[in-house]
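> Got a structure for you, written out below as structure tokens; questions coming shortly.
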Amino acid sequence: MALVPAFIFAPRPVAASMSGGGFGDQRNFIDSLSESFVDYWSSGDRNLPPGLKRLVEYWFYYHLVKAVIAAILLIVLIALGVLLWKAFLRAGGLGAGSRATLASAGAIVTALALFSLVTVEGNFQDAMAPFSSVMSMLPVHASHGELADTLHQVRQHLADYPDTGARTPPALKVMVGDFSRFHAVRVVTATILAAVLIGMSVVSFRRIARTGASDRRTRRVFRSFGLLSALLAPAVIVVAWANVTVTADPAPALLGFFKGGW
């Protein structure tokens, strides 16, 4: 399937063309990010300096392309999964081996669709708050040099935020606000996903209730979907709630990241 190699190889050149150039390998990207982050912190300005702005733009387009490709792949997998499960439900005249093959293929496609859904959600979150997302590439364990000094200052201010005593650095306010937005996006997407899963579970069990006891294959398929959805929904709700708390008070979680806990 062409979408898989496209997901792997297309985002980097597309993002480079949209943001005005690439950054070579990952080492070069991290070095550029480190230098730009130090410049931003010491600038005393809310606005990102040109170097960091270009990095953030690149990161935005990189994850936007990945999200779009993953979304297309998700649609394809859902359509393929529907065809496979319908074929399985109509496979009464086929042998046990053919039915098992259809069921296995349907299960694999369903698992891949769930993985694609998580991939879409993750890359959408990264694209909606690219500044916080790109910070995940920052070498927060640096022990010497200007970056280490800057990271130490960031940790000190975050430990007392918002009561930092002296004037709060403008860059810190931007970082905290964007980190809150980063998790707010996950709250929205996880809430929508939880609602979809609950809806799928309800529809599946209603379908079971309308299906005669003699149609065991149909009842088994929809019971599996209903139970899977019912099991996944609470986990997604927990994720949404965890992100609600970070959205409301992002500074402690951001401090945890700069201490190497993310």
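In the structure tokens, chains take letters A, B, ... by order of appearance, with residues numbered from 1 within each chain and ligands from 1 in the order shown.
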Could you list, with a cut-off of 12 Å and counting only C-alpha atoms, the residues of stretch 83-167 of chain A near stretch 51-74 of chain A, each shown with its nearest atom pair and the distance in Å rounded to one decimal, rows sorted by chain and ascending number, as JSON lines?

{"residue": "A:Val109", "atom": "CA", "partner": "A:Leu74", "partner_atom": "CA", "distance": 9.9}
{"residue": "A:Thr110", "atom": "CA", "partner": "A:Leu74", "partner_atom": "CA", "distance": 9.9}
{"residue": "A:Ala111", "atom": "CA", "partner": "A:Leu74", "partner_atom": "CA", "distance": 10.8}
{"residue": "A:Leu112", "atom": "CA", "partner": "A:Leu74", "partner_atom": "CA", "distance": 8.3}
{"residue": "A:Ala113", "atom": "CA", "partner": "A:Leu74", "partner_atom": "CA", "distance": 5.5}
{"residue": "A:Leu114", "atom": "CA", "partner": "A:Leu74", "partner_atom": "CA", "distance": 8.2}
{"residue": "A:Phe115", "atom": "CA", "partner": "A:Leu74", "partner_atom": "CA", "distance": 8.7}
{"residue": "A:Ser116", "atom": "CA", "partner": "A:Leu74", "partner_atom": "CA", "distance": 5.5}
{"residue": "A:Leu117", "atom": "CA", "partner": "A:Leu74", "partner_atom": "CA", "distance": 6.4}
{"residue": "A:Val118", "atom": "CA", "partner": "A:Ala70", "partner_atom": "CA", "distance": 9.3}
{"residue": "A:Thr119", "atom": "CA", "partner": "A:Ala70", "partner_atom": "CA", "distance": 6.6}
{"residue": "A:Val120", "atom": "CA", "partner": "A:Ala67", "partner_atom": "CA", "distance": 4.8}
{"residue": "A:Glu121", "atom": "CA", "partner": "A:Ala67", "partner_atom": "CA", "distance": 7.6}
{"residue": "A:Gly122", "atom": "CA", "partner": "A:Ala67", "partner_atom": "CA", "distance": 8.0}
{"residue": "A:Asn123", "atom": "CA", "partner": "A:Ala67", "partner_atom": "CA", "distance": 5.1}
{"residue": "A:Phe124", "atom": "CA", "partner": "A:Ala67", "partner_atom": "CA", "distance": 5.7}
{"residue": "A:Gln125", "atom": "CA", "partner": "A:His63", "partner_atom": "CA", "distance": 8.7}
{"residue": "A:Asp126", "atom": "CA", "partner": "A:His63", "partner_atom": "CA", "distance": 6.2}
{"residue": "A:Ala127", "atom": "CA", "partner": "A:Phe60", "partner_atom": "CA", "distance": 4.7}
{"residue": "A:Met128", "atom": "CA", "partner": "A:Phe60", "partner_atom": "CA", "distance": 7.5}
{"residue": "A:Ala129", "atom": "CA", "partner": "A:Phe60", "partner_atom": "CA", "distance": 7.9}
{"residue": "A:Pro130", "atom": "CA", "partner": "A:Phe60", "partner_atom": "CA", "distance": 5.3}
{"residue": "A:Phe131", "atom": "CA", "partner": "A:Val56", "partner_atom": "CA", "distance": 5.6}
{"residue": "A:Ser132", "atom": "CA", "partner": "A:Val56", "partner_atom": "CA", "distance": 9.1}
{"residue": "A:Ser133", "atom": "CA", "partner": "A:Trp59", "partner_atom": "CA", "distance": 8.0}
{"residue": "A:Val134", "atom": "CA", "partner": "A:Trp59", "partner_atom": "CA", "distance": 6.5}
{"residue": "A:Met135", "atom": "CA", "partner": "A:Val56", "partner_atom": "CA", "distance": 9.3}
{"residue": "A:Ser136", "atom": "CA", "partner": "A:Trp59", "partner_atom": "CA", "distance": 11.2}
{"residue": "A:Met137", "atom": "CA", "partner": "A:Trp59", "partner_atom": "CA", "distance": 10.6}
{"residue": "A:Leu138", "atom": "CA", "partner": "A:Leu55", "partner_atom": "CA", "distance": 11.9}
> Applying 7 Å and only C-alpha atoms, which residues near A:Phe205 remain after dropping the ones on its own chain fewer than 5 positions away? List them as number ranges by chain.
A: 222-223, 226
> Please produce a file of the residues just selected, as a PDB file, in the first residue's frame, where the atoms kept are C-alpha atoms.

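This is the output file selection-v9.pdb:
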ATOM      1  CA  PHE A 222     -21.013  -7.497  17.046  1.00  0.00           C
ATOM      2  CA  ARG A 223     -20.394  -8.772  20.565  1.00  0.00           C
ATOM      3  CA  GLY A 226     -19.247  -3.991  21.493  1.00  0.00           C
TER       4      GLY A 226
END
> So how many Å separate atom CA of A:Leu48 and atom CA of A:Asn243, to one decimal?
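Interatomic distance, atom CA of A:Leu48 to atom CA of A:Asn243: 25.8 Å.
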> What does the distance from atom CA of A:Leu197 to atom CA of A:Ser229 come to in Å, to one decimal?
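Between atom CA of A:Leu197 and atom CA of A:Ser229 the gap is 5.0 Å.
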> Could you make a table, as JSON lines, of the residues of stretch 142-163 of chain A that have an atom within 12 Å of an atom of stretch 18-42 of chain A, each with its nearest atom pair and distance in Å to one decimal, counting only C-alpha atoms, in chain and number order?

{"residue": "A:Ala142", "atom": "CA", "partner": "A:Ser34", "partner_atom": "CA", "distance": 9.8}
{"residue": "A:Gly145", "atom": "CA", "partner": "A:Val38", "partner_atom": "CA", "distance": 10.3}
{"residue": "A:Glu146", "atom": "CA", "partner": "A:Val38", "partner_atom": "CA", "distance": 6.9}
{"residue": "A:Leu147", "atom": "CA", "partner": "A:Val38", "partner_atom": "CA", "distance": 6.0}
{"residue": "A:Ala148", "atom": "CA", "partner": "A:Val38", "partner_atom": "CA", "distance": 9.3}
{"residue": "A:Asp149", "atom": "CA", "partner": "A:Val38", "partner_atom": "CA", "distance": 9.0}
{"residue": "A:Thr150", "atom": "CA", "partner": "A:Val38", "partner_atom": "CA", "distance": 6.3}
{"residue": "A:Leu151", "atom": "CA", "partner": "A:Val38", "partner_atom": "CA", "distance": 8.6}
{"residue": "A:His152", "atom": "CA", "partner": "A:Val38", "partner_atom": "CA", "distance": 11.5}
{"residue": "A:Gln153", "atom": "CA", "partner": "A:Trp41", "partner_atom": "CA", "distance": 9.3}
{"residue": "A:Val154", "atom": "CA", "partner": "A:Trp41", "partner_atom": "CA", "distance": 8.5}
{"residue": "A:His157", "atom": "CA", "partner": "A:Trp41", "partner_atom": "CA", "distance": 11.8}
> Please identify which residues in stretch 71-221 of chain A DSSP calls helix (DSSP H, G or I) from the backbone, and express them as a ChimeraX atom specification.
/A:71-89,91-93,96-128,130-137,145-160,170-210,216-221
> Pick out the closest residue to A:Val236 from this set: A:Asp215, A:Asp249, A:Arg220, A:Val196. Count only C-alpha atoms.
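Ranked by minimum distance to A:Val236, first place goes to A:Val196.
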> Work out how far apart atom CA of A:Ala242 and atom CA of A:Ala190 are and give it in Å to one decimal.
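The value is 10.5 Å.
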> Here is a test: counting only C-alpha atoms, which residue of A:Ile198, A:Ala248, A:Ala253, A:Ala184 is nearest to A:Leu231?
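Looking at the shortest contact to A:Leu231, the residue is A:Ile198.
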